[in-house]
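Engineer: Dropping in model.cif, which is mmCIF, C-alpha atoms; chains and numbers go by the auth columns:
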data_entry
#
loop_
_atom_site.group_PDB
_atom_site.id
_atom_site.type_symbol
_atom_site.label_atom_id
_atom_site.label_comp_id
_atom_site.label_asym_id
_atom_site.label_seq_id
_atom_site.Cartn_x
_atom_site.Cartn_y
_atom_site.Cartn_z
_atom_site.B_iso_or_equiv
_atom_site.auth_seq_id
_atom_site.auth_asym_id
ATOM 1 C CA MET A 1 101.153 -106.937 -126.141 0.00 13 U
ATOM 2 C CA VAL A 2 100.236 -110.279 -124.567 0.00 14 U
ATOM 3 C CA THR A 3 103.769 -110.874 -123.291 0.00 15 U
ATOM 4 C CA LEU A 4 104.014 -107.508 -121.561 0.00 16 U
ATOM 5 C CA THR A 5 100.513 -107.867 -120.080 0.00 17 U
ATOM 6 C CA ILE A 6 101.183 -111.315 -118.585 0.00 18 U
ATOM 7 C CA LEU A 7 104.548 -110.276 -117.146 0.00 19 U
ATOM 8 C CA ALA A 8 103.104 -107.066 -115.717 0.00 20 U
ATOM 9 C CA ILE A 9 100.279 -108.963 -113.979 0.00 21 U
ATOM 10 C CA CYS A 10 102.723 -111.524 -112.548 0.00 22 U
ATOM 11 C CA PHE A 11 105.131 -108.794 -111.411 0.00 23 U
ATOM 12 C CA LEU A 12 102.374 -106.831 -109.657 0.00 24 U
ATOM 13 C CA THR A 13 101.102 -110.045 -108.059 0.00 25 U
ATOM 14 C CA ALA A 14 104.571 -110.767 -106.711 0.00 26 U
ATOM 15 C CA VAL A 15 104.909 -107.226 -105.337 0.00 27 U
ATOM 16 C CA SER A 16 101.482 -107.494 -103.697 0.00 28 U
ATOM 17 C CA CYS A 17 102.408 -110.828 -102.088 0.00 29 U
ATOM 18 C CA LYS A 18 105.617 -109.312 -100.718 0.00 30 U
ATOM 19 C CA ILE A 19 103.882 -106.237 -99.335 0.00 31 U
ATOM 20 C CA LYS A 20 101.134 -108.277 -97.672 0.00 32 U
ATOM 21 C CA LYS A 21 103.685 -110.900 -96.535 0.00 33 U
ATOM 22 C CA ILE A 22 101.462 -113.737 -97.688 0.00 34 U
ATOM 23 C CA LYS A 23 102.418 -117.142 -96.280 0.00 35 U
ATOM 24 C CA SER A 24 100.633 -120.001 -98.018 0.00 36 U
ATOM 25 C CA PRO A 25 102.545 -123.300 -98.274 0.00 37 U
ATOM 26 C CA VAL A 26 99.829 -124.782 -100.497 0.00 38 U
ATOM 27 C CA ALA A 27 99.931 -121.877 -102.973 0.00 39 U
ATOM 28 C CA LEU A 28 103.743 -121.922 -102.887 0.00 40 U
ATOM 29 C CA ALA A 29 103.928 -125.659 -103.640 0.00 41 U
ATOM 30 C CA LEU A 30 101.302 -125.444 -106.400 0.00 42 U
ATOM 31 C CA THR A 31 103.066 -122.492 -108.032 0.00 43 U
ATOM 32 C CA TRP A 32 106.364 -124.398 -107.910 0.00 44 U
ATOM 33 C CA TYR A 33 104.773 -127.302 -109.779 0.00 45 U
ATOM 34 C CA ILE A 34 103.371 -124.925 -112.395 0.00 46 U
ATOM 35 C CA HIS A 35 106.728 -123.170 -112.735 0.00 47 U
ATOM 36 C CA LEU A 36 108.608 -126.444 -113.221 0.00 48 U
ATOM 37 C CA ILE A 37 106.115 -127.546 -115.875 0.00 49 U
ATOM 38 C CA PHE A 38 106.649 -124.326 -117.843 0.00 50 U
ATOM 39 C CA LEU A 39 110.408 -124.648 -117.304 0.00 51 U
ATOM 40 C CA PHE A 40 110.298 -128.102 -118.891 0.00 52 U
ATOM 41 C CA PHE A 41 108.294 -126.879 -121.891 0.00 53 U
ATOM 42 C CA SER A 42 110.559 -123.828 -122.250 0.00 54 U
ATOM 43 C CA VAL A 43 113.626 -126.073 -122.463 0.00 55 U
ATOM 44 C CA VAL A 44 111.848 -128.252 -125.042 0.00 56 U
ATOM 45 C CA CYS A 45 110.899 -125.139 -127.039 0.00 57 U
ATOM 46 C CA LEU A 46 114.498 -123.915 -126.971 0.00 58 U
ATOM 47 C CA LEU A 47 115.806 -127.251 -128.244 0.00 59 U
ATOM 48 C CA LEU A 48 113.166 -127.316 -130.979 0.00 60 U
ATOM 49 C CA MET A 49 113.969 -123.760 -132.067 0.00 61 U
ATOM 50 C CA ILE A 50 117.683 -124.569 -132.320 0.00 62 U
ATOM 51 C CA ASN A 51 116.802 -127.383 -134.742 0.00 63 U
ATOM 52 C CA GLY A 52 114.290 -125.379 -136.793 0.00 64 U
ATOM 53 C CA TYR A 53 111.150 -126.852 -135.230 0.00 65 U
ATOM 54 C CA GLY A 54 108.434 -125.634 -132.892 0.00 66 U
ATOM 55 C CA PHE A 55 105.128 -126.515 -131.312 0.00 67 U
ATOM 56 C CA LYS A 56 102.102 -126.015 -133.523 0.00 68 U
ATOM 57 C CA GLY A 57 100.502 -122.591 -133.384 0.00 69 U
ATOM 58 C CA ILE A 58 101.643 -119.014 -133.690 0.00 70 U
ATOM 59 C CA GLN A 59 103.741 -117.738 -130.756 0.00 71 U
ATOM 60 C CA THR A 60 103.306 -120.959 -128.748 0.00 72 U
ATOM 61 C CA GLU A 61 106.960 -120.826 -127.679 0.00 73 U
ATOM 62 C CA ARG A 62 106.669 -117.200 -126.539 0.00 74 U
ATOM 63 C CA VAL A 63 103.657 -118.118 -124.380 0.00 75 U
ATOM 64 C CA PHE A 64 105.636 -120.891 -122.661 0.00 76 U
ATOM 65 C CA PHE A 65 108.630 -118.597 -122.065 0.00 77 U
ATOM 66 C CA THR A 66 106.374 -115.828 -120.742 0.00 78 U
ATOM 67 C CA LEU A 67 104.492 -118.092 -118.345 0.00 79 U
ATOM 68 C CA TYR A 68 107.778 -119.580 -117.150 0.00 80 U
ATOM 69 C CA ALA A 69 109.178 -116.145 -116.280 0.00 81 U
ATOM 70 C CA GLY A 70 105.852 -114.911 -114.882 0.00 82 U
ATOM 71 C CA SER A 71 105.361 -117.918 -112.597 0.00 83 U
ATOM 72 C CA GLY A 72 108.910 -117.386 -111.325 0.00 84 U
ATOM 73 C CA MET A 73 108.038 -113.818 -110.377 0.00 85 U
ATOM 74 C CA VAL A 74 104.956 -114.985 -108.474 0.00 86 U
ATOM 75 C CA LEU A 75 107.091 -117.598 -106.701 0.00 87 U
ATOM 76 C CA TYR A 76 109.447 -114.861 -105.566 0.00 88 U
ATOM 77 C CA GLY A 77 106.509 -113.020 -104.023 0.00 89 U
ATOM 78 C CA LEU A 78 105.303 -116.143 -102.197 0.00 90 U
ATOM 79 C CA SER A 79 108.762 -117.243 -101.009 0.00 91 U
ATOM 80 C CA GLN A 80 110.390 -116.162 -97.772 0.00 92 U
ATOM 81 C CA PRO A 81 113.757 -114.360 -97.971 0.00 93 U
ATOM 82 C CA GLY A 82 116.724 -116.694 -97.844 0.00 94 U
ATOM 83 C CA THR A 83 120.320 -117.224 -98.896 0.00 95 U
ATOM 84 C CA ASP A 84 119.896 -120.517 -100.754 0.00 96 U
ATOM 85 C CA ALA A 85 120.342 -121.010 -104.502 0.00 97 U
ATOM 86 C CA ARG A 86 116.608 -121.438 -105.065 0.00 98 U
ATOM 87 C CA TYR A 87 115.767 -117.982 -103.691 0.00 99 U
ATOM 88 C CA ALA A 88 118.658 -116.456 -105.646 0.00 100 U
ATOM 89 C CA TYR A 89 117.242 -118.037 -108.817 0.00 101 U
ATOM 90 C CA LEU A 90 113.801 -116.510 -108.150 0.00 102 U
ATOM 91 C CA THR A 91 115.408 -113.145 -107.377 0.00 103 U
ATOM 92 C CA VAL A 92 117.010 -113.144 -110.834 0.00 104 U
ATOM 93 C CA LEU A 93 113.623 -113.725 -112.508 0.00 105 U
ATOM 94 C CA PHE A 94 111.921 -111.038 -110.405 0.00 106 U
ATOM 95 C CA GLY A 95 114.783 -108.552 -110.807 0.00 107 U
ATOM 96 C CA PHE A 96 114.984 -108.756 -114.607 0.00 108 U
ATOM 97 C CA PRO A 97 112.667 -105.713 -115.142 0.00 109 U
ATOM 98 C CA PHE A 98 114.905 -103.678 -112.832 0.00 110 U
ATOM 99 C CA VAL A 99 117.960 -104.689 -114.890 0.00 111 U
ATOM 100 C CA LEU A 100 116.222 -103.421 -118.043 0.00 112 U
ATOM 101 C CA LEU A 101 115.245 -100.202 -116.266 0.00 113 U
ATOM 102 C CA LEU A 102 118.827 -99.682 -115.103 0.00 114 U
ATOM 103 C CA GLY A 103 120.079 -100.236 -118.641 0.00 115 U
ATOM 104 C CA LEU A 104 117.676 -97.592 -119.957 0.00 116 U
ATOM 105 C CA ILE A 105 118.950 -95.094 -117.398 0.00 117 U
ATOM 106 C CA ILE A 106 122.653 -95.590 -118.179 0.00 118 U
ATOM 107 C CA PRO A 107 123.399 -93.747 -121.486 0.00 119 U
ATOM 108 C CA PRO A 108 126.031 -96.173 -122.912 0.00 120 U
ATOM 109 C CA LEU A 109 123.642 -99.108 -122.487 0.00 121 U
ATOM 110 C CA ARG A 110 120.442 -97.347 -123.511 0.00 122 U
ATOM 111 C CA ILE A 111 120.281 -98.394 -127.181 0.00 123 U
ATOM 112 C CA LEU A 112 121.334 -101.990 -126.448 0.00 124 U
ATOM 113 C CA THR A 113 118.785 -102.267 -123.625 0.00 125 U
ATOM 114 C CA LEU A 114 116.042 -100.749 -125.762 0.00 126 U
ATOM 115 C CA VAL A 115 116.637 -103.294 -128.527 0.00 127 U
ATOM 116 C CA ALA A 116 116.724 -106.151 -125.995 0.00 128 U
ATOM 117 C CA THR A 117 113.512 -104.908 -124.354 0.00 129 U
ATOM 118 C CA LEU A 118 111.641 -104.667 -127.645 0.00 130 U
ATOM 119 C CA THR A 119 112.900 -108.100 -128.710 0.00 131 U
ATOM 120 C CA LEU A 120 111.893 -109.795 -125.453 0.00 132 U
ATOM 121 C CA LEU A 121 108.648 -107.997 -124.643 0.00 133 U
ATOM 122 C CA SER A 122 107.068 -106.926 -127.930 0.00 134 U
ATOM 123 C CA ASP A 123 104.869 -109.421 -129.787 0.00 135 U
ATOM 124 C CA SER A 124 105.555 -109.747 -133.490 0.00 136 U
ATOM 125 C CA ASP A 125 102.706 -109.650 -135.989 0.00 137 U
ATOM 126 C CA PHE A 126 102.193 -113.060 -137.638 0.00 138 U
ATOM 127 C CA HIS A 127 100.012 -114.082 -140.544 0.00 139 U
ATOM 128 C CA ARG A 128 99.715 -117.485 -142.183 0.00 140 U
ATOM 129 C CA TYR A 129 98.692 -118.180 -145.768 0.00 141 U
ATOM 130 C CA THR A 130 97.409 -121.744 -146.069 0.00 142 U
ATOM 131 C CA ILE A 131 98.815 -123.797 -148.955 0.00 143 U
ATOM 132 C CA ASP A 132 97.348 -127.201 -148.092 0.00 144 U
ATOM 133 C CA GLU A 133 96.684 -129.336 -145.021 0.00 145 U
ATOM 134 C CA ASP A 134 100.384 -129.706 -144.229 0.00 146 U
ATOM 135 C CA HIS A 135 101.960 -126.456 -145.453 0.00 147 U
ATOM 136 C CA ALA A 136 101.534 -122.730 -144.895 0.00 148 U
ATOM 137 C CA LEU A 137 103.492 -119.580 -145.701 0.00 149 U
ATOM 138 C CA GLN A 138 104.065 -117.489 -142.580 0.00 150 U
ATOM 139 C CA SER A 139 104.857 -113.781 -142.520 0.00 151 U
ATOM 140 C CA LYS A 140 106.387 -112.169 -139.440 0.00 152 U
ATOM 141 C CA THR A 141 106.667 -108.433 -138.835 0.00 153 U
ATOM 142 C CA SER A 142 108.652 -107.212 -135.842 0.00 154 U
ATOM 143 C CA GLY A 143 107.486 -103.602 -135.761 0.00 155 U
ATOM 144 C CA ILE A 144 110.239 -100.993 -135.464 0.00 156 U
ATOM 145 C CA LEU A 145 112.888 -103.725 -135.272 0.00 157 U
ATOM 146 C CA SER A 146 112.152 -104.738 -138.860 0.00 158 U
ATOM 147 C CA ALA A 147 109.545 -103.036 -141.005 0.00 159 U
ATOM 148 C CA THR A 148 109.925 -105.657 -143.731 0.00 160 U
ATOM 149 C CA PRO A 149 108.156 -108.976 -143.025 0.00 161 U
ATOM 150 C CA THR A 150 110.149 -112.190 -143.026 0.00 162 U
ATOM 151 C CA TYR A 151 108.557 -115.164 -144.770 0.00 163 U
ATOM 152 C CA SER A 152 108.934 -118.773 -143.635 0.00 164 U
ATOM 153 C CA MET A 153 107.538 -122.099 -144.793 0.00 165 U
ATOM 154 C CA VAL A 154 105.684 -123.960 -142.034 0.00 166 U
ATOM 155 C CA THR A 155 105.291 -127.736 -142.399 0.00 167 U
ATOM 156 C CA ASP A 156 103.276 -129.963 -140.048 0.00 168 U
ATOM 157 C CA LYS A 157 105.411 -132.607 -138.372 0.00 169 U
ATOM 158 C CA TYR A 158 104.763 -135.418 -135.914 0.00 170 U
ATOM 159 C CA TRP A 159 101.255 -134.387 -134.786 0.00 171 U
ATOM 160 C CA LEU A 160 102.252 -131.720 -132.211 0.00 172 U
ATOM 161 C CA PHE A 161 105.161 -130.053 -133.996 0.00 173 U
ATOM 162 C CA GLU A 162 105.937 -128.085 -137.122 0.00 174 U
ATOM 163 C CA GLU A 163 109.106 -127.424 -139.088 0.00 175 U
ATOM 164 C CA ILE A 164 109.885 -123.786 -139.879 0.00 176 U
ATOM 165 C CA THR A 165 112.070 -122.986 -142.886 0.00 177 U
ATOM 166 C CA PRO A 166 113.025 -119.286 -142.695 0.00 178 U
ATOM 167 C CA ASP A 167 113.477 -116.745 -145.495 0.00 179 U
ATOM 168 C CA VAL A 168 111.880 -118.716 -148.315 0.00 180 U
ATOM 169 C CA ILE A 169 111.400 -115.351 -150.007 0.00 181 U
ATOM 170 C CA THR A 170 113.322 -112.171 -149.147 0.00 182 U
ATOM 171 C CA PRO A 171 111.472 -109.046 -150.302 0.00 183 U
ATOM 172 C CA GLN A 172 113.165 -105.672 -149.908 0.00 184 U
ATOM 173 C CA ARG A 173 110.076 -104.126 -148.294 0.00 185 U
ATOM 174 C CA ALA A 174 106.482 -104.938 -147.372 0.00 186 U
ATOM 175 C CA VAL A 175 104.722 -106.787 -150.179 0.00 187 U
ATOM 176 C CA SER A 176 101.170 -106.603 -151.479 0.00 188 U
ATOM 177 C CA ASN A 177 98.942 -108.853 -153.547 0.00 189 U
ATOM 178 C CA LEU A 178 100.626 -112.061 -152.443 0.00 190 U
ATOM 179 C CA ARG A 179 99.226 -114.925 -154.507 0.00 191 U
ATOM 180 C CA MET A 180 99.854 -118.659 -154.272 0.00 192 U
ATOM 181 C CA LYS A 181 98.994 -121.496 -156.598 0.00 193 U
ATOM 182 C CA LYS A 182 99.931 -125.074 -155.917 0.00 194 U
ATOM 183 C CA LYS A 183 101.744 -126.863 -158.740 0.00 195 U
ATOM 184 C CA GLY A 184 101.214 -130.579 -158.432 0.00 196 U
ATOM 185 C CA ALA A 185 101.834 -132.218 -155.064 0.00 197 U
ATOM 186 C CA ASP A 186 105.354 -130.979 -154.326 0.00 198 U
ATOM 187 C CA SER A 187 105.580 -127.286 -155.227 0.00 199 U
ATOM 188 C CA VAL A 188 103.789 -123.948 -154.939 0.00 200 U
ATOM 189 C CA TYR A 189 103.978 -120.912 -157.220 0.00 201 U
ATOM 190 C CA LEU A 190 104.274 -117.568 -155.409 0.00 202 U
ATOM 191 C CA GLN A 191 103.688 -114.154 -156.899 0.00 203 U
ATOM 192 C CA TRP A 192 103.962 -110.853 -155.049 0.00 204 U
ATOM 193 C CA GLY A 193 104.767 -107.225 -155.631 0.00 205 U
ATOM 194 C CA TYR A 194 105.419 -103.783 -154.212 0.00 206 U
ATOM 195 C CA GLY A 195 104.516 -100.738 -156.222 0.00 207 U
ATOM 196 C CA LYS A 196 104.727 -101.520 -159.935 0.00 208 U
ATOM 197 C CA MET A 197 107.316 -104.244 -159.467 0.00 209 U
ATOM 198 C CA ARG A 198 106.179 -107.866 -159.647 0.00 210 U
ATOM 199 C CA LYS A 199 108.154 -110.950 -158.667 0.00 211 U
ATOM 200 C CA ASP A 200 107.506 -114.653 -158.632 0.00 212 U
ATOM 201 C CA THR A 201 109.174 -117.858 -157.544 0.00 213 U
ATOM 202 C CA LEU A 202 108.542 -121.592 -157.244 0.00 214 U
ATOM 203 C CA LEU A 203 108.943 -123.245 -153.841 0.00 215 U
ATOM 204 C CA GLU A 204 109.373 -126.964 -153.294 0.00 216 U
ATOM 205 C CA LEU A 205 107.189 -128.708 -150.719 0.00 217 U
ATOM 206 C CA GLU A 206 108.188 -131.743 -148.705 0.00 218 U
#
Will you turn the file into structure tokens for me?
Structural biologist:
Amino acid sequence: MVTLTILAICFLTAVSCKIKKIKSPVALALTWYIHLIFLFFSVVCLLLMINGYGFKGIQTERVFFTLYAGSGMVLYGLSQPGTDARYAYLTVLFGFPFVLLLGLIIPPLRILTLVATLTLLSDSDFHRYTIDEDHALQSKTSGILSATPTYSMVTDKYWLFEEITPDVITPQRAVSNLRMKKKGADSVYLQWGYGKMRKDTLLELE
């Protein structure tokens, strides 16, 4: 629950700053710089995700998105009330939890809001099975949203990035005894099972 923890700390910090009416131009300017940096990386992450790429590491993109939203909340707490577009932008970031709360209260929107909340705030469970220095098989479990893990091929690219190929295998439910054996330099043999059923496949590597 790293995402929820970070956002909760930032939200409470913003509320505390508002209650105490803290006025610190230095802290405000520094937080703006931090926020803009995370905004830049969040835009880069979004563009990478659209094209099937990402920064190296598990959940790196989620960390950037979370810190972007959290720094915006803190900025709202440090900023003075106003009618300009910048303050309205910060109000949207700070008010997002209230929008989710309102959606949970209104019966017609409850299920949709619950799914959106779990998608945005809950951290999926990732595990990577190393194939070689440049390839790994990644499993992702999203809790109650999807009990069955999704499996993707992760390939190192361009030093800082990695290419993610989704759904390289599509099991019907959680698997056990996943085994991998590399075949030559350009393929890997996968074997897995659930219950008494066993399946296998051969995946090509770049």
Engineer: What would the selection look like, as a ChimeraX atom specification, if the PyMOL selection byres ((chain U and resi 86-88) around 9) were run on the coordinates I just shared?
Structural biologist: /U:22-27,29-30,40,43-44,47,81-85,89-93,99,102-103,105-106
Engineer: Keeping only C-alpha atoms, write those residues as a compact mmCIF listing (two decimals), keeping the file's coordinate frame.
Structural biologist:
# COMPACT_ATOMS: atom_id res chain seq x y z
CA CYS U 22 102.72 -111.52 -112.55
CA PHE U 23 105.13 -108.79 -111.41
CA LEU U 24 102.37 -106.83 -109.66
CA THR U 25 101.10 -110.04 -108.06
CA ALA U 26 104.57 -110.77 -106.71
CA VAL U 27 104.91 -107.23 -105.34
CA CYS U 29 102.41 -110.83 -102.09
CA LYS U 30 105.62 -109.31 -100.72
CA LEU U 40 103.74 -121.92 -102.89
CA THR U 43 103.07 -122.49 -108.03
CA TRP U 44 106.36 -124.40 -107.91
CA HIS U 47 106.73 -123.17 -112.74
CA ALA U 81 109.18 -116.14 -116.28
CA GLY U 82 105.85 -114.91 -114.88
CA SER U 83 105.36 -117.92 -112.60
CA GLY U 84 108.91 -117.39 -111.32
CA MET U 85 108.04 -113.82 -110.38
CA GLY U 89 106.51 -113.02 -104.02
CA LEU U 90 105.30 -116.14 -102.20
CA SER U 91 108.76 -117.24 -101.01
CA GLN U 92 110.39 -116.16 -97.77
CA PRO U 93 113.76 -114.36 -97.97
CA TYR U 99 115.77 -117.98 -103.69
CA LEU U 102 113.80 -116.51 -108.15
CA THR U 103 115.41 -113.14 -107.38
CA LEU U 105 113.62 -113.72 -112.51
CA PHE U 106 111.92 -111.04 -110.40
Engineer: Mind pulling up the distance from atom CA of U:Trp204 to atom CA of U:Asn189?
Structural biologist: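 These atoms are spaced 5.6 Å apart.
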Engineer: Which one of U:Glu218, U:Asp198, U:Glu175, U:Asp212 sits closest to U:Tyr65 if you count all atoms listed in the file?
Structural biologist: U:Glu175
Engineer: How many Å lie between atom CA of U:Leu172 and atom CA of U:Leu132, rounded to one decimal?
Structural biologist: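 It comes out at 24.9 Å.
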Engineer: Mind telling me what the PyMOL selection byres ((chain U and resi 160-164) around 7) catches here, as a ChimeraX atom specification?
Structural biologist: /U:149-153,158-159,165-166,176-182,184-186
Engineer: Tell me, as a PyMOL selection string, which residues lie within 8 Å of U:Asp168, counting all atoms listed in the file; anything in the same chain fewer than 5 positions away does not count.
Structural biologist: chain U and resi 68+146-147+173-175
Engineer: Evaluate the PyMOL selection byres ((chain U and resi 216) around 8) against this structure - the residues, as a list of chain:residue names, please.
Structural biologist: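 Applied to this file, the PyMOL selection byres ((chain U and resi 216) around 8) selects U:Asp198, U:Ser199, U:Val200, U:Leu214, U:Leu215, U:Leu217, U:Glu218.
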